[in-house]
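As stored in work-v6.txt (compact mmCIF, C-alpha atoms):
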# COMPACT_ATOMS: atom_id res chain seq x y z
CA MET A 1 60.72 -48.26 -143.73
CA ARG A 2 63.95 -48.94 -141.91
CA GLU A 3 64.56 -52.60 -141.21
CA ARG A 4 65.91 -54.31 -138.12
CA ARG A 5 67.09 -57.89 -137.64
CA LEU A 6 64.80 -60.11 -135.59
CA GLY A 7 67.51 -61.72 -133.51
CA LYS A 8 68.73 -65.18 -134.38
CA THR A 9 65.80 -65.77 -136.76
CA GLY A 10 67.80 -63.84 -139.33
CA TYR A 11 64.62 -62.16 -140.58
CA ASP A 12 65.06 -58.52 -141.61
CA ILE A 13 61.76 -56.78 -140.91
CA GLY A 14 60.34 -53.27 -140.88
CA GLU A 15 60.76 -51.71 -137.44
CA VAL A 16 57.02 -50.94 -137.16
CA GLY A 17 54.85 -54.04 -137.46
CA PHE A 18 51.16 -54.67 -136.95
CA GLY A 19 49.63 -56.40 -133.93
CA THR A 20 46.28 -57.94 -134.86
CA TRP A 21 44.71 -58.60 -131.46
CA ALA A 22 42.11 -55.89 -132.08
CA LEU A 23 41.07 -57.49 -135.37
CA GLY A 24 40.12 -60.70 -133.60
CA GLY A 25 38.41 -59.69 -130.40
CA ASP A 26 38.58 -58.23 -126.89
CA TRP A 27 38.35 -54.72 -128.34
CA GLU A 28 35.43 -52.92 -129.91
CA ALA A 29 34.24 -55.09 -132.79
CA VAL A 30 35.90 -54.47 -136.16
CA PRO A 31 33.80 -55.29 -139.27
CA GLU A 32 35.51 -57.81 -141.53
CA GLU A 33 36.03 -55.52 -144.53
CA ARG A 34 37.54 -52.80 -142.35
CA ALA A 35 39.83 -55.37 -140.75
CA LEU A 36 40.94 -56.55 -144.20
CA ASP A 37 41.47 -52.96 -145.34
CA SER A 38 43.63 -52.32 -142.27
CA LEU A 39 45.84 -55.28 -143.15
CA ARG A 40 46.04 -54.12 -146.76
CA ALA A 41 47.02 -50.63 -145.60
CA ALA A 42 49.78 -52.14 -143.47
CA LEU A 43 51.29 -54.00 -146.40
CA ASP A 44 50.95 -50.93 -148.63
CA ALA A 45 52.81 -48.87 -146.01
CA GLY A 46 55.74 -51.28 -145.93
CA VAL A 47 54.87 -53.38 -142.89
CA THR A 48 56.58 -56.78 -143.11
CA PHE A 49 55.88 -58.18 -139.64
CA LEU A 50 52.38 -59.27 -138.62
CA ASP A 51 51.72 -60.61 -135.13
CA THR A 52 48.69 -62.71 -134.29
CA ALA A 53 47.55 -65.58 -132.06
CA ASP A 54 45.26 -68.57 -132.33
CA VAL A 55 42.92 -67.13 -129.69
CA TYR A 56 42.42 -63.74 -131.34
CA GLY A 57 38.80 -64.13 -132.32
CA ASP A 58 39.20 -67.92 -132.10
CA GLY A 59 41.46 -67.81 -135.15
CA ARG A 60 39.78 -64.87 -136.91
CA SER A 61 42.95 -62.75 -137.06
CA GLU A 62 44.95 -65.64 -138.51
CA ARG A 63 42.33 -66.25 -141.18
CA LEU A 64 42.15 -62.56 -142.09
CA ILE A 65 45.92 -62.49 -142.52
CA ARG A 66 45.72 -65.54 -144.77
CA GLN A 67 43.09 -63.90 -146.97
CA VAL A 68 45.08 -60.70 -147.48
CA LEU A 69 48.40 -62.45 -148.08
CA GLU A 70 46.78 -64.76 -150.61
CA GLU A 71 45.29 -61.73 -152.36
CA ARG A 72 48.84 -60.39 -152.69
CA GLY A 73 50.30 -63.68 -153.87
CA ARG A 74 52.03 -64.19 -150.52
CA PRO A 75 54.65 -61.44 -150.92
CA ASP A 76 58.25 -62.26 -150.12
CA GLY A 77 59.68 -60.86 -146.93
CA VAL A 78 56.45 -60.75 -144.92
CA VAL A 79 56.88 -62.57 -141.60
CA VAL A 80 53.84 -63.80 -139.67
CA ALA A 81 54.28 -64.60 -135.99
CA THR A 82 51.53 -66.42 -134.13
CA LYS A 83 51.14 -67.74 -130.59
CA ALA A 84 49.88 -70.87 -128.87
CA GLY A 85 48.96 -72.00 -125.40
CA ARG A 86 46.07 -69.83 -124.30
CA ARG A 87 43.57 -72.33 -125.68
CA LEU A 88 44.40 -74.59 -122.75
CA ASP A 89 41.54 -74.99 -120.29
CA PRO A 90 42.61 -74.87 -117.57
CA HIS A 91 45.57 -72.71 -118.52
CA VAL A 92 48.24 -74.52 -116.49
CA ALA A 93 51.93 -75.22 -116.96
CA ASP A 94 51.43 -78.98 -117.40
CA GLY A 95 49.48 -78.32 -120.60
CA TYR A 96 52.51 -76.88 -122.36
CA ASP A 97 53.58 -80.20 -123.83
CA TYR A 98 54.00 -81.66 -127.30
CA PRO A 99 50.45 -83.06 -127.78
CA HIS A 100 48.78 -79.74 -126.92
CA LEU A 101 51.25 -77.39 -128.62
CA ALA A 102 51.40 -79.50 -131.79
CA ALA A 103 47.60 -79.55 -132.01
CA PHE A 104 47.45 -75.78 -131.61
CA ALA A 105 50.17 -75.31 -134.23
CA ARG A 106 48.38 -77.53 -136.74
CA ARG A 107 45.26 -75.40 -136.35
CA SER A 108 47.30 -72.23 -136.93
CA LEU A 109 48.92 -73.77 -140.00
CA GLU A 110 45.44 -74.37 -141.41
CA ASN A 111 44.17 -70.91 -140.44
CA LEU A 112 47.19 -69.23 -142.05
CA GLY A 113 47.28 -71.58 -145.05
CA VAL A 114 50.98 -72.38 -144.74
CA ASP A 115 53.11 -75.50 -144.42
CA SER A 116 55.41 -74.08 -141.75
CA LEU A 117 55.00 -71.23 -139.26
CA ASP A 118 57.55 -68.41 -139.54
CA LEU A 119 57.58 -67.90 -135.78
CA LEU A 120 55.56 -69.62 -133.05
CA GLN A 121 55.51 -68.01 -129.61
CA LEU A 122 54.34 -69.47 -126.32
CA HIS A 123 51.45 -67.21 -125.37
CA CYS A 124 52.12 -65.80 -121.90
CA PRO A 125 52.32 -69.19 -120.18
CA PRO A 126 52.48 -69.66 -116.40
CA THR A 127 55.90 -68.81 -115.00
CA ASP A 128 56.69 -72.46 -114.19
CA VAL A 129 56.78 -73.24 -117.93
CA TYR A 130 60.09 -71.37 -118.16
CA ARG A 131 61.56 -73.40 -115.30
CA SER A 132 61.14 -76.67 -117.20
CA ASP A 133 62.41 -77.98 -120.52
CA THR A 134 59.12 -79.67 -121.46
CA ALA A 135 57.63 -76.91 -123.63
CA PHE A 136 60.94 -76.07 -125.28
CA GLU A 137 61.67 -79.71 -126.09
CA ALA A 138 58.21 -79.85 -127.67
CA LEU A 139 58.94 -76.75 -129.76
CA GLU A 140 62.29 -78.21 -130.85
CA ARG A 141 60.56 -81.41 -131.94
CA MET A 142 57.99 -79.40 -133.85
CA ARG A 143 60.77 -77.49 -135.59
CA ALA A 144 62.48 -80.76 -136.53
CA GLU A 145 59.19 -81.95 -137.99
CA GLY A 146 58.92 -78.81 -140.12
CA MET A 147 55.88 -77.33 -138.37
CA LEU A 148 57.76 -74.13 -137.55
CA ARG A 149 60.96 -72.35 -138.47
CA HIS A 150 61.66 -70.49 -135.26
CA TYR A 151 60.13 -70.17 -131.82
CA GLY A 152 59.96 -67.62 -129.07
CA VAL A 153 57.92 -66.56 -126.07
CA SER A 154 55.48 -63.84 -125.14
CA VAL A 155 55.89 -62.89 -121.48
CA GLU A 156 54.13 -60.85 -118.82
CA THR A 157 57.09 -60.03 -116.59
CA VAL A 158 60.77 -59.23 -116.82
CA GLU A 159 61.43 -62.24 -114.58
CA GLU A 160 59.84 -64.52 -117.18
CA ALA A 161 61.83 -62.83 -119.95
CA GLU A 162 65.06 -63.48 -118.05
CA LEU A 163 64.10 -67.13 -117.51
CA ALA A 164 63.35 -67.50 -121.23
CA LEU A 165 66.90 -66.47 -122.07
CA GLU A 166 68.15 -69.60 -120.32
CA HIS A 167 66.67 -71.68 -123.16
CA GLU A 168 69.28 -71.32 -125.86
CA ALA A 169 67.07 -71.85 -128.91
CA VAL A 170 64.55 -69.17 -127.96
CA ALA A 171 64.81 -66.71 -130.84
CA THR A 172 62.48 -63.92 -129.70
CA VAL A 173 60.85 -62.47 -126.61
CA GLN A 174 57.67 -60.44 -126.88
CA ILE A 175 57.19 -58.06 -123.96
CA ILE A 176 55.28 -54.94 -122.94
CA TYR A 177 57.50 -51.87 -123.15
CA ASN A 178 56.26 -48.32 -123.41
CA MET A 179 56.40 -44.93 -121.69
CA PHE A 180 54.40 -46.50 -118.85
CA ARG A 181 56.53 -49.68 -118.62
CA LEU A 182 60.25 -48.89 -118.47
CA LYS A 183 61.58 -51.85 -116.51
CA PRO A 184 62.50 -54.14 -119.47
CA ALA A 185 65.18 -51.69 -120.57
CA GLU A 186 67.03 -51.75 -117.25
CA THR A 187 68.88 -55.05 -117.70
CA PHE A 188 66.84 -57.45 -119.82
CA PHE A 189 67.21 -55.70 -123.16
CA GLY A 190 70.99 -55.72 -122.88
CA ARG A 191 71.11 -59.40 -121.99
CA ALA A 192 68.77 -60.30 -124.83
CA ARG A 193 70.92 -58.39 -127.29
CA GLU A 194 74.04 -60.22 -126.07
CA ARG A 195 72.28 -63.52 -126.82
CA ASP A 196 70.98 -62.34 -130.22
CA VAL A 197 67.37 -62.66 -129.07
CA GLY A 198 64.92 -60.48 -130.96
CA ILE A 199 62.68 -58.14 -128.96
CA ILE A 200 59.06 -57.72 -130.08
CA VAL A 201 57.38 -54.84 -128.24
CA ARG A 202 53.64 -55.11 -127.68
CA VAL A 203 51.07 -52.80 -126.03
CA PRO A 204 53.19 -49.80 -127.11
CA LEU A 205 50.36 -47.31 -126.60
CA ALA A 206 49.17 -48.72 -123.25
CA SER A 207 45.81 -49.77 -124.70
CA GLY A 208 45.24 -46.27 -126.06
CA LEU A 209 46.25 -44.24 -123.01
CA LEU A 210 49.29 -43.08 -125.00
CA SER A 211 47.27 -42.30 -128.10
CA GLY A 212 46.60 -38.76 -126.90
CA SER A 213 42.89 -39.06 -127.67
CA MET A 214 41.58 -40.57 -124.43
CA THR A 215 39.39 -38.57 -122.06
CA ARG A 216 37.71 -39.32 -118.74
CA GLU A 217 34.38 -39.47 -120.59
CA ARG A 218 35.47 -42.34 -122.85
CA VAL A 219 33.07 -45.28 -122.62
CA PHE A 220 34.27 -48.69 -123.80
CA ALA A 221 32.05 -51.35 -125.32
CA PRO A 222 31.18 -54.31 -123.06
CA ASP A 223 33.25 -56.68 -125.25
CA ASP A 224 36.33 -54.44 -124.97
CA HIS A 225 38.92 -55.62 -122.43
CA ARG A 226 39.34 -51.98 -121.38
CA ALA A 227 35.85 -52.30 -119.89
CA TYR A 228 35.90 -55.82 -118.46
CA ASN A 229 39.55 -56.38 -117.49
CA ARG A 230 40.34 -53.22 -115.51
CA HIS A 231 41.25 -55.32 -112.48
CA GLY A 232 42.47 -58.48 -114.21
CA GLU A 233 39.10 -60.23 -114.21
CA ALA A 234 39.79 -62.13 -117.46
CA PHE A 235 43.60 -62.17 -117.87
CA ASP A 236 46.68 -60.39 -116.58
CA VAL A 237 45.73 -56.81 -115.74
CA GLY A 238 49.06 -55.65 -117.17
CA GLU A 239 47.63 -56.21 -120.65
CA THR A 240 45.00 -53.51 -120.03
CA PHE A 241 46.40 -49.96 -119.88
CA SER A 242 49.76 -51.61 -119.03
CA GLY A 243 48.41 -52.15 -115.53
CA VAL A 244 48.05 -48.40 -114.88
CA ASP A 245 44.77 -47.15 -113.49
CA PHE A 246 42.87 -45.05 -116.02
CA GLU A 247 42.97 -41.74 -114.12
CA SER A 248 46.71 -41.90 -113.42
CA GLY A 249 47.40 -42.79 -117.03
CA LEU A 250 45.39 -39.85 -118.31
CA ALA A 251 47.26 -37.47 -116.01
CA ALA A 252 50.63 -38.73 -117.20
CA ALA A 253 49.56 -38.61 -120.85
CA GLU A 254 48.58 -34.96 -120.48
CA GLU A 255 52.11 -34.10 -119.38
CA LEU A 256 53.62 -36.19 -122.18
CA LYS A 257 51.65 -34.22 -124.78
CA ALA A 258 53.96 -31.24 -124.19
CA LEU A 259 56.79 -33.29 -125.74
CA VAL A 260 55.03 -34.03 -129.05
CA PRO A 261 56.74 -32.47 -132.10
CA ASP A 262 54.63 -30.14 -134.23
CA GLY A 263 52.54 -31.95 -136.77
CA HIS A 264 52.64 -35.28 -134.96
CA SER A 265 50.64 -37.13 -132.30
CA LEU A 266 51.38 -38.50 -128.87
CA ALA A 267 50.96 -41.99 -130.32
CA GLN A 268 53.69 -41.33 -132.86
CA LEU A 269 55.98 -39.91 -130.18
CA ALA A 270 55.35 -42.99 -128.03
CA LEU A 271 56.24 -45.34 -130.89
CA ARG A 272 59.37 -43.37 -131.82
CA TRP A 273 60.41 -43.41 -128.16
CA ILE A 274 60.32 -47.21 -128.18
CA LEU A 275 62.38 -47.36 -131.37
CA MET A 276 65.09 -45.28 -129.72
CA HIS A 277 66.28 -48.42 -127.94
CA PRO A 278 68.68 -50.38 -130.17
CA ALA A 279 67.69 -53.74 -128.65
CA VAL A 280 64.14 -53.42 -129.98
CA SER A 281 63.62 -55.42 -133.17
CA VAL A 282 60.06 -54.36 -133.92
CA VAL A 283 57.15 -52.58 -132.28
CA ILE A 284 53.67 -53.94 -133.00
CA PRO A 285 50.94 -51.34 -132.43
CA GLY A 286 47.42 -52.46 -133.11
CA ALA A 287 44.88 -50.62 -135.23
CA ARG A 288 41.23 -50.94 -136.14
CA ARG A 289 41.23 -48.64 -139.18
CA PRO A 290 43.55 -48.08 -142.14
CA ASP A 291 44.27 -44.46 -141.15
CA GLN A 292 45.48 -45.65 -137.74
CA VAL A 293 47.81 -48.10 -139.46
CA ARG A 294 49.29 -45.39 -141.67
CA ALA A 295 49.75 -43.03 -138.72
CA ASN A 296 51.56 -45.72 -136.75
CA VAL A 297 53.93 -46.48 -139.61
CA ALA A 298 54.65 -42.76 -140.04
CA ALA A 299 56.07 -42.70 -136.50
CA ALA A 300 59.21 -44.36 -137.85
CA GLU A 301 59.86 -41.22 -139.92
CA LEU A 302 60.29 -39.00 -136.86
CA PRO A 303 63.90 -37.96 -136.22
CA ALA A 304 65.73 -39.30 -133.20
CA LEU A 305 64.35 -37.87 -129.99
CA PRO A 306 66.62 -35.43 -128.16
CA PRO A 307 68.08 -36.33 -124.74
CA ARG A 308 65.85 -33.78 -122.99
CA THR A 309 62.75 -35.58 -124.29
CA MET A 310 64.04 -38.95 -123.14
CA GLN A 311 64.83 -37.49 -119.72
CA ARG A 312 61.42 -35.86 -119.39
CA VAL A 313 59.64 -39.14 -120.21
CA ARG A 314 61.47 -40.78 -117.32
CA GLN A 315 60.60 -37.93 -114.99
CA ILE A 316 56.90 -38.25 -115.81
CA TYR A 317 57.12 -42.01 -115.34
CA ASP A 318 58.78 -41.59 -111.95
CA ALA A 319 56.17 -39.07 -110.83
CA HIS A 320 52.99 -40.82 -112.01
CA ILE A 321 53.62 -44.44 -112.95
CA ARG A 322 56.62 -46.12 -111.33
CA ALA A 323 54.94 -46.90 -108.00
CA LEU A 324 51.99 -48.51 -109.83
CA VAL A 325 53.81 -50.96 -112.09
CA HIS A 326 57.58 -51.10 -111.76
CA GLN A 327 57.95 -53.87 -109.19
CA ARG A 328 54.94 -55.85 -110.37
CA TRP A 329 56.00 -56.57 -113.94
How does the structure come out when it is put into structure tokens?
Amino acid sequence: MRERRLGKTGYDIGEVGFGTWALGGDWEAVPEERALDSLRAALDAGVTFLDTADVYGDGRSERLIRQVLEERGRPDGVVVATKAGRRLDPHVADGYDYPHLAAFARRSLENLGVDSLDLLQLHCPPTDVYRSDTAFEALERMRAEGMLRHYGVSVETVEEAELALEHEAVATVQIIYNMFRLKPAETFFGRARERDVGIIVRVPLASGLLSGSMTRERVFAPDDHRAYNRHGEAFDVGETFSGVDFESGLAAAEELKALVPDGHSLAQLALRWILMHPAVSVVIPGARRPDQVRANVAAAELPALPPRTMQRVRQIYDAHIRALVHQRW
């Protein structure tokens, strides 16, 4: 797999990673052995960047990653990024301080079985966190103490991403960017690249809307956020279908299918489209089965998309999606 540099971390990682939210929870339940097999398939396919969080299954995803990496003798070059902050209750800006963040990090260190975290990201904190130095001073102290090597942020909005860039030591920004969420590429990506900040792209398939397999008849399990968070009942609605209503997303996806190269899927086209932007360091699609993992990785093998395809994606976005999401996130 082609590698890209993850900003000022200096890590060289495969351009398609693996996001492990689905292995922990908030999606249809994944049996443990299948989850482990999915992680094994990722490593076998050349994935070297695994993204997780302490709240994914209350640490389940972190512990699964530990088990598979220990099976492999902790292979060199594999970077594990985790997140902290969403365990706060209430989830408020004042909680993003050293006592809380250090406690969360120690738990992740134990879950992952490591002495130092490769990358710790603030997990979509309230916007006011970015307007203060408190959290970033805490992260710097934790780095000095050896708890982590690098730190970054996971954001909901472009505004938050821009604010994060004002904190010089922030090494990465994780953000939603896909065919249904074009705004980050307008100005933020360029500014991040100028500051050598790595871009981690999450929700690349818009919670499955860009997989090409969704239909109006699809029924989601009660414990799947695509059933219970359609209107932001549990967390930011932008995390579910990228904030696009299901019917509008299906209509746009149908038009996008006409752009898929022979022998490939809409999901692979969607991933390759993201990788067309040079500011992107890594895209982290999720998967619940080994075959999904392998199909995601294969997207990196597609040739560069022609200008007419890139233009048509924007036209479909403008027609179906822009009014729903562009100004909100």
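Here the question is which of A:Asp58, A:Glu159, A:Glu137, A:Asp26 gets nearest to Asn111 (chain A) using all atoms listed in the file, and that residue is A:Asp58.
For the choices A:Leu23, A:Met276, A:Val282, A:Val92, the atom-to-atom distance to Gly57 (chain A) is smallest for A:Leu23 when using all atoms listed in the file.
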Protein, DNA and RNA residues within 9 Å of (64.3, -75.0, -115.2), all atoms listed in the file, as a compact mmCIF listing (two decimals) with C-alpha atoms, keeping the file's coordinate frame:
# COMPACT_ATOMS: atom_id res chain seq x y z
CA ASP A 128 56.69 -72.46 -114.19
CA VAL A 129 56.78 -73.24 -117.93
CA TYR A 130 60.09 -71.37 -118.16
CA ARG A 131 61.56 -73.40 -115.30
CA SER A 132 61.14 -76.67 -117.20
CA ASP A 133 62.41 -77.98 -120.52
CA LEU A 163 64.10 -67.13 -117.51
CA GLU A 166 68.15 -69.60 -120.32
CA HIS A 167 66.67 -71.68 -123.16
Would you write out, as a tab-separated table, a table of all residues in region 119-201 of chain A that have an atom no more than 12 Å from an atom of region 300-320 of chain A, listing for each the closest atom pair and the distance in Å to one decimal, considering only C-alpha atoms and ordering rows by chain and rising residue number?
residue	atom	partner	partner_atom	distance
A:Asn178	CA	A:Tyr317	CA	10.3
A:Met179	CA	A:Val313	CA	6.8
A:Phe180	CA	A:Tyr317	CA	6.3
A:Arg181	CA	A:Tyr317	CA	8.4
A:Leu182	CA	A:Tyr317	CA	8.2
A:Lys183	CA	A:Tyr317	CA	10.9
A:Ala185	CA	A:Arg314	CA	12.0
Store the residues picked out above, limited to C-alpha atoms, as an mmCIF file, keeping the file's coordinate frame.
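Wrote selection24.cif, looks like this:
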data_model
loop_
_atom_site.group_PDB
_atom_site.id
_atom_site.type_symbol
_atom_site.label_atom_id
_atom_site.label_comp_id
_atom_site.auth_asym_id
_atom_site.auth_seq_id
_atom_site.Cartn_x
_atom_site.Cartn_y
_atom_site.Cartn_z
ATOM 1 C CA ASN A 178 56.260 -48.320 -123.410
ATOM 2 C CA MET A 179 56.400 -44.930 -121.690
ATOM 3 C CA PHE A 180 54.400 -46.500 -118.850
ATOM 4 C CA ARG A 181 56.530 -49.680 -118.620
ATOM 5 C CA LEU A 182 60.250 -48.890 -118.470
ATOM 6 C CA LYS A 183 61.580 -51.850 -116.510
ATOM 7 C CA ALA A 185 65.180 -51.690 -120.570
#
Exercise for the section: Would you list the contacts of region 75-86 of chain A as a ChimeraX atom specification, taking every protein, DNA or RNA residue within 9 Å and counting only C-alpha atoms, but skipping same-chain residues closer than 6 positions in sequence? Expected result: /A:11-13,43,47-55,62,65,69,95-96,100-101,104-105,108,112,117-125,152-154
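For the pair CA of Gly263 (chain A) and CA of Arg4 (chain A), the interatomic distance is 26.1 Å.
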Completion exercise
Closest of A:Glu255, A:Asp89, A:Asp224, A:Asp97 to Ser207 (chain A), counting all atoms listed in the file, is A:Asp224
